[in-house]
Amino acid sequence: MAVVESVPASPRDGAGKGSARQARRDGQVPAVIYGNKEEPILLTLERRVLIKELDNPQFFIQLIDVEIDGAKHRVLPRDVQFHPVSDTPMHVDFLRFDPKRKITAAVPVVFEGEAESPGLKSGGVLNIVRYEVEVLCTADNIPPELILQLSGLDVGDSMHASAVTLPDGVAFVITDRDFTIATIAAPTIVVEPVADEEALGGQGSSRS
C-alpha cells in the first residue's frame with residue numbers, strides 16, 4: 001500500500017449551522033467522519049490545508065489519516081461542498097476505512113503511446129469519451145490511474161474497457177457491456193468559404 005498522508009484536524013463541538021459558520025469565520029472547514037456503524041465524528045480542518053489537499057487530482061481516491069487530538073482516523077474523502085460564488089470548500093465528508101468493504105471510485109484514465117499511433121501521427125484526433133471510469137474495490141486497492149495504450153492504433157479505432165488491465169481485486173462498475181473509453185477520429189477539415197466571382201463582379205460593376 002502507498003504511504004498514507006496524515007492531515008491534522010480539530011474536534012468540533014456541536015452540530016448545526018451556527019457552529020459551522022463560526023468555524024468558517026475562523027478559517028476552518030467543517031467536516032464529518034462517518035461509516036462502519038460508528039458514531040459520526042464532527043471536526044474542522046484548516047482551510048489552507050484542505051485547499052492544498054484538493055490540489056491533488058487523486059484526493060478522492062486516496063486514503064488519508066485524519067489526526068484529531070493524537071488519534072488517527074483512516075478515511076477516504078467522499079464529498080466536498082463548495083461555495084457557489086467563491087468556490088471555496090464549505091464542508092467535507094470522510095468515510096471510515098474498512099478493509100473488507102468494497103466501494104465505487106472514479107479513477108482517471110491516462111493515455112500512453114501517442115507517438116506510436118499511426119492515426120494520431122497522420123492528423124487524427126483523440127476523442128476521449130470517458131476521462132474517468134468507475135471501479136469497484138476496497139479503499140486501499142483503488143488504482144491511481146487506468147492506462148490505455150495508443151500504440152498501433154489508427155483512425156477509426158476505438159479503445160474499450162477490455163483494453164484496460166485492472167489490478168487484482170478491482171472490477172469495473174459497468175459489467176454488462178464493453179464500453180468505449182476513447183476513439184481516434186479523422187481530422188476535421190475546415191473549408192474556407194469561396195467568394196462568388198459573379199457576385200463580386202456584379203458588386204464591382206455597380207460601383208463603377
# chains A, B, ... in the order shown; residues from 1 in each chain; ligands from 1
call {"tool": "residues_around", "arguments": {"residues": "Pro8 (chain A)", "least_positions_apart": "5", "cutoff": "7 Å", "atoms": "only C-alpha atoms", "output": "VMD selection string"}}
result
chain A and resid 66 to 68
call {"tool": "residues_around", "arguments": {"residues": "Gly113 (chain A)", "least_positions_apart": "6", "cutoff": "12 Å", "atoms": "only C-alpha atoms", "output": "MDAnalysis selection string"}}
result
chainID A and resid 119:121 126 147:153
call {"tool": "write_last_selection", "arguments": {"atoms": "C-alpha atoms", "output": "PDB file, in the first residue's frame"}}
result
ATOM      1  CA  GLY A 119      -3.801   7.587 -36.612  1.00  0.00           C
ATOM      2  CA  LEU A 120      -2.591  10.451 -34.428  1.00  0.00           C
ATOM      3  CA  LYS A 121       0.618  10.893 -36.434  1.00  0.00           C
ATOM      4  CA  LEU A 126      -8.052  11.529 -29.805  1.00  0.00           C
ATOM      5  CA  ILE A 147      -3.604   3.281 -18.506  1.00  0.00           C
ATOM      6  CA  LEU A 148      -4.645   2.876 -22.132  1.00  0.00           C
ATOM      7  CA  GLN A 149      -2.054   2.287 -24.856  1.00  0.00           C
ATOM      8  CA  LEU A 150      -2.459   4.149 -28.149  1.00  0.00           C
ATOM      9  CA  SER A 151       0.458   2.408 -29.893  1.00  0.00           C
ATOM     10  CA  GLY A 152      -0.504   0.988 -33.279  1.00  0.00           C
ATOM     11  CA  LEU A 153      -3.981   2.494 -33.322  1.00  0.00           C
TER      12      LEU A 153
END
call {"tool": "closest_residue", "arguments": {"among": "A:Asp26, A:Asp157, A:Asp140, A:Glu38", "to": "Asn127 (chain A)", "atoms": "only C-alpha atoms"}}
result
A:Asp157
call {"tool": "residues_around", "arguments": {"residues": "Asp93 (chain A)", "least_positions_apart": "2", "cutoff": "7 Å", "atoms": "only C-alpha atoms", "output": "MDAnalysis selection string"}}
result
chainID A and resid 31:33 77:80 91 95
call {"tool": "residues_around", "arguments": {"residues": "His73 (chain A)", "least_positions_apart": "3", "cutoff": "12 Å", "atoms": "only C-alpha atoms", "output": "mmCIF file with N, CA, C and O atoms, in the first residue's frame"}}
result
data_model
loop_
_atom_site.group_PDB
_atom_site.id
_atom_site.type_symbol
_atom_site.label_atom_id
_atom_site.label_comp_id
_atom_site.auth_asym_id
_atom_site.auth_seq_id
_atom_site.Cartn_x
_atom_site.Cartn_y
_atom_site.Cartn_z
ATOM 1 N N VAL A 4 0.353 6.598 3.432
ATOM 2 C CA VAL A 4 -0.873 7.337 3.723
ATOM 3 C C VAL A 4 -0.505 8.646 4.413
ATOM 4 O O VAL A 4 0.148 8.648 5.456
ATOM 5 N N GLU A 5 -0.926 9.735 3.830
ATOM 6 C CA GLU A 5 -0.607 11.049 4.381
ATOM 7 C C GLU A 5 -1.471 11.340 5.601
ATOM 8 O O GLU A 5 -2.641 10.959 5.666
ATOM 9 N N SER A 6 -0.888 12.047 6.566
ATOM 10 C CA SER A 6 -1.615 12.433 7.778
ATOM 11 C C SER A 6 -2.002 13.905 7.685
ATOM 12 O O SER A 6 -1.175 14.752 7.315
ATOM 13 N N VAL A 7 -3.268 14.193 8.010
ATOM 14 C CA VAL A 7 -3.780 15.560 7.940
ATOM 15 C C VAL A 7 -4.283 15.964 9.320
ATOM 16 O O VAL A 7 -5.125 15.266 9.904
ATOM 17 N N PRO A 8 -3.791 17.070 9.891
ATOM 18 C CA PRO A 8 -4.247 17.493 11.220
ATOM 19 C C PRO A 8 -5.659 18.060 11.184
ATOM 20 O O PRO A 8 -6.074 18.677 10.203
ATOM 21 N N ALA A 9 -6.395 17.840 12.256
ATOM 22 C CA ALA A 9 -7.765 18.348 12.373
ATOM 23 C C ALA A 9 -8.057 18.637 13.843
ATOM 24 O O ALA A 9 -7.295 18.251 14.733
ATOM 25 N N VAL A 32 -17.022 15.865 8.625
ATOM 26 C CA VAL A 32 -17.565 14.760 9.410
ATOM 27 C C VAL A 32 -16.935 13.458 8.941
ATOM 28 O O VAL A 32 -16.657 13.272 7.757
ATOM 29 N N ILE A 33 -16.660 12.572 9.901
ATOM 30 C CA ILE A 33 -16.227 11.208 9.602
ATOM 31 C C ILE A 33 -17.384 10.277 9.956
ATOM 32 O O ILE A 33 -17.908 10.330 11.065
ATOM 33 N N TYR A 34 -17.772 9.424 8.994
ATOM 34 C CA TYR A 34 -18.914 8.545 9.232
ATOM 35 C C TYR A 34 -18.589 7.140 8.714
ATOM 36 O O TYR A 34 -17.582 6.924 8.038
ATOM 37 N N GLY A 35 -19.477 6.207 9.016
ATOM 38 C CA GLY A 35 -19.339 4.853 8.490
ATOM 39 C C GLY A 35 -18.949 3.829 9.532
ATOM 40 O O GLY A 35 -18.685 4.147 10.698
ATOM 41 N N PRO A 40 -20.768 9.278 14.224
ATOM 42 C CA PRO A 40 -20.028 10.251 13.420
ATOM 43 C C PRO A 40 -19.126 11.119 14.297
ATOM 44 O O PRO A 40 -19.423 11.381 15.455
ATOM 45 N N ILE A 41 -18.019 11.547 13.732
ATOM 46 C CA ILE A 41 -17.097 12.445 14.416
ATOM 47 C C ILE A 41 -17.141 13.796 13.705
ATOM 48 O O ILE A 41 -16.881 13.876 12.497
ATOM 49 N N LEU A 43 -15.608 17.462 13.070
ATOM 50 C CA LEU A 43 -14.269 18.026 13.141
ATOM 51 C C LEU A 43 -14.159 19.235 12.231
ATOM 52 O O LEU A 43 -15.086 19.551 11.473
ATOM 53 N N LEU A 63 -6.474 7.200 0.397
ATOM 54 C CA LEU A 63 -6.704 7.179 1.839
ATOM 55 C C LEU A 63 -5.825 8.212 2.537
ATOM 56 O O LEU A 63 -4.691 8.451 2.138
ATOM 57 N N ILE A 64 -6.378 8.823 3.587
ATOM 58 C CA ILE A 64 -5.597 9.734 4.419
ATOM 59 C C ILE A 64 -5.897 9.424 5.881
ATOM 60 O O ILE A 64 -6.939 8.851 6.213
ATOM 61 N N ASP A 65 -4.977 9.804 6.738
ATOM 62 C CA ASP A 65 -5.181 9.688 8.178
ATOM 63 C C ASP A 65 -5.519 11.070 8.732
ATOM 64 O O ASP A 65 -4.679 11.977 8.689
ATOM 65 N N VAL A 66 -6.740 11.228 9.213
ATOM 66 C CA VAL A 66 -7.132 12.473 9.859
ATOM 67 C C VAL A 66 -6.761 12.364 11.335
ATOM 68 O O VAL A 66 -7.248 11.472 12.047
ATOM 69 N N GLU A 67 -5.878 13.247 11.795
ATOM 70 C CA GLU A 67 -5.383 13.176 13.173
ATOM 71 C C GLU A 67 -6.091 14.205 14.048
ATOM 72 O O GLU A 67 -5.998 15.413 13.805
ATOM 73 N N ILE A 68 -6.802 13.692 15.070
ATOM 74 C CA ILE A 68 -7.544 14.549 15.997
ATOM 75 C C ILE A 68 -7.079 14.248 17.410
ATOM 76 O O ILE A 68 -7.248 13.128 17.906
ATOM 77 N N ASP A 69 -6.495 15.231 18.065
ATOM 78 C CA ASP A 69 -6.016 15.075 19.448
ATOM 79 C C ASP A 69 -5.140 13.834 19.610
ATOM 80 O O ASP A 69 -5.269 13.069 20.563
ATOM 81 N N GLY A 70 -4.254 13.603 18.643
ATOM 82 C CA GLY A 70 -3.317 12.499 18.730
ATOM 83 C C GLY A 70 -3.833 11.163 18.215
ATOM 84 O O GLY A 70 -3.056 10.224 18.057
ATOM 85 N N LEU A 76 -11.458 7.883 3.697
ATOM 86 C CA LEU A 76 -11.422 8.181 2.268
ATOM 87 C C LEU A 76 -12.347 9.370 2.026
ATOM 88 O O LEU A 76 -13.516 9.327 2.400
ATOM 89 N N PRO A 77 -11.848 10.451 1.436
ATOM 90 C CA PRO A 77 -12.723 11.585 1.131
ATOM 91 C C PRO A 77 -13.824 11.152 0.162
ATOM 92 O O PRO A 77 -13.546 10.492 -0.840
ATOM 93 N N PHE A 94 -15.994 12.456 5.110
ATOM 94 C CA PHE A 94 -14.989 11.395 5.077
ATOM 95 C C PHE A 94 -15.639 10.065 5.464
ATOM 96 O O PHE A 94 -16.405 10.004 6.427
ATOM 97 N N LEU A 95 -15.306 9.011 4.741
ATOM 98 C CA LEU A 95 -15.799 7.671 5.036
ATOM 99 C C LEU A 95 -14.714 6.889 5.764
ATOM 100 O O LEU A 95 -13.570 6.814 5.303
ATOM 101 N N ARG A 96 -15.073 6.296 6.911
ATOM 102 C CA ARG A 96 -14.113 5.474 7.650
ATOM 103 C C ARG A 96 -13.647 4.290 6.795
ATOM 104 O O ARG A 96 -14.432 3.661 6.104
ATOM 105 N N PHE A 97 -12.376 3.996 6.895
ATOM 106 C CA PHE A 97 -11.815 2.882 6.143
ATOM 107 C C PHE A 97 -12.231 1.555 6.746
ATOM 108 O O PHE A 97 -12.164 1.348 7.956
ATOM 109 N N ASP A 98 -12.669 0.667 5.877
ATOM 110 C CA ASP A 98 -12.976 -0.708 6.256
ATOM 111 C C ASP A 98 -12.288 -1.609 5.231
ATOM 112 O O ASP A 98 -12.620 -1.572 4.045
#
call {"tool": "atom_distance", "arguments": {"atom1": "CA of Lys102 (chain A)", "atom2": "CA of Tyr131 (chain A)"}}
result
22.2 Å
call {"tool": "closest_atom_pairs", "arguments": {"of": "region 80-120 of chain A", "to": "region 176-191 of chain A", "cutoff": "12 Å", "atoms": "only C-alpha atoms", "output": "tab-separated table"}}
result
residue	atom	partner	partner_atom	distance
A:Pro108	CA	A:Ile181	CA	11.1
A:Val109	CA	A:Ile181	CA	8.6
A:Val110	CA	A:Ile181	CA	10.7
A:Phe111	CA	A:Ala182	CA	9.6
A:Glu114	CA	A:Ile184	CA	10.8
A:Ser117	CA	A:Ile184	CA	9.4
A:Pro118	CA	A:Ile184	CA	10.1
A:Gly119	CA	A:Ile184	CA	6.7
A:Leu120	CA	A:Ile184	CA	7.3
call {"tool": "residues_around", "arguments": {"residues": "Ile61 (chain A)", "least_positions_apart": "4", "cutoff": "8 Å", "atoms": "only C-alpha atoms", "output": "list in words"}}
result
Leu76, Pro77, Ala105, Ala106, Val107, Ala139, Ile142 and Pro144 of chain A
call {"tool": "write_last_selection", "arguments": {"atoms": "C-alpha atoms", "output": "PDB file, in the first residue's frame"}}
result
ATOM      1  CA  LEU A  76     -11.422   8.181   2.268  1.00  0.00           C
ATOM      2  CA  PRO A  77     -12.723  11.585   1.131  1.00  0.00           C
ATOM      3  CA  ALA A 105     -14.391   5.147  -7.061  1.00  0.00           C
ATOM      4  CA  ALA A 106     -13.886   7.247 -10.198  1.00  0.00           C
ATOM      5  CA  VAL A 107     -10.350   6.634 -11.470  1.00  0.00           C
ATOM      6  CA  ALA A 139     -10.459   1.672  -0.484  1.00  0.00           C
ATOM      7  CA  ILE A 142      -8.026   1.893  -5.680  1.00  0.00           C
ATOM      8  CA  PRO A 144      -4.230   5.774  -9.002  1.00  0.00           C
TER       9      PRO A 144
END
call {"tool": "closest_residue", "arguments": {"among": "A:Leu42, A:Pro143, A:Thr104, A:Gly14", "to": "Asp168 (chain A)", "atoms": "only C-alpha atoms"}}
result
A:Pro143
call {"tool": "closest_residue", "arguments": {"among": "A:Ser158, A:Thr165, A:Thr88, A:Gln62", "to": "Arg48 (chain A)", "atoms": "only C-alpha atoms"}}
result
A:Thr88
call {"tool": "closest_residue", "arguments": {"among": "A:Asn56, A:Arg130, A:Val125, A:Val173", "to": "Val155 (chain A)", "atoms": "only C-alpha atoms"}}
result
A:Val125
call {"tool": "select_by_dssp", "arguments": {"residues": "region 12-170 of chain A", "states": "alpha helix (DSSP H)", "output": "list in words"}}
result
Lys17, Gly18, Ser19, Ala20, Arg21, Gln22, Ala23, Arg24, Arg25, Arg47, Arg48, Val49, Leu50, Ile51, Lys52, Glu53, Leu54, Pro118, Gly119, Leu120 and Lys121 of chain A
call {"tool": "atom_distance", "arguments": {"atom1": "CA of Pro99 (chain A)", "atom2": "CA of Glu132 (chain A)"}}
result
23.6 Å
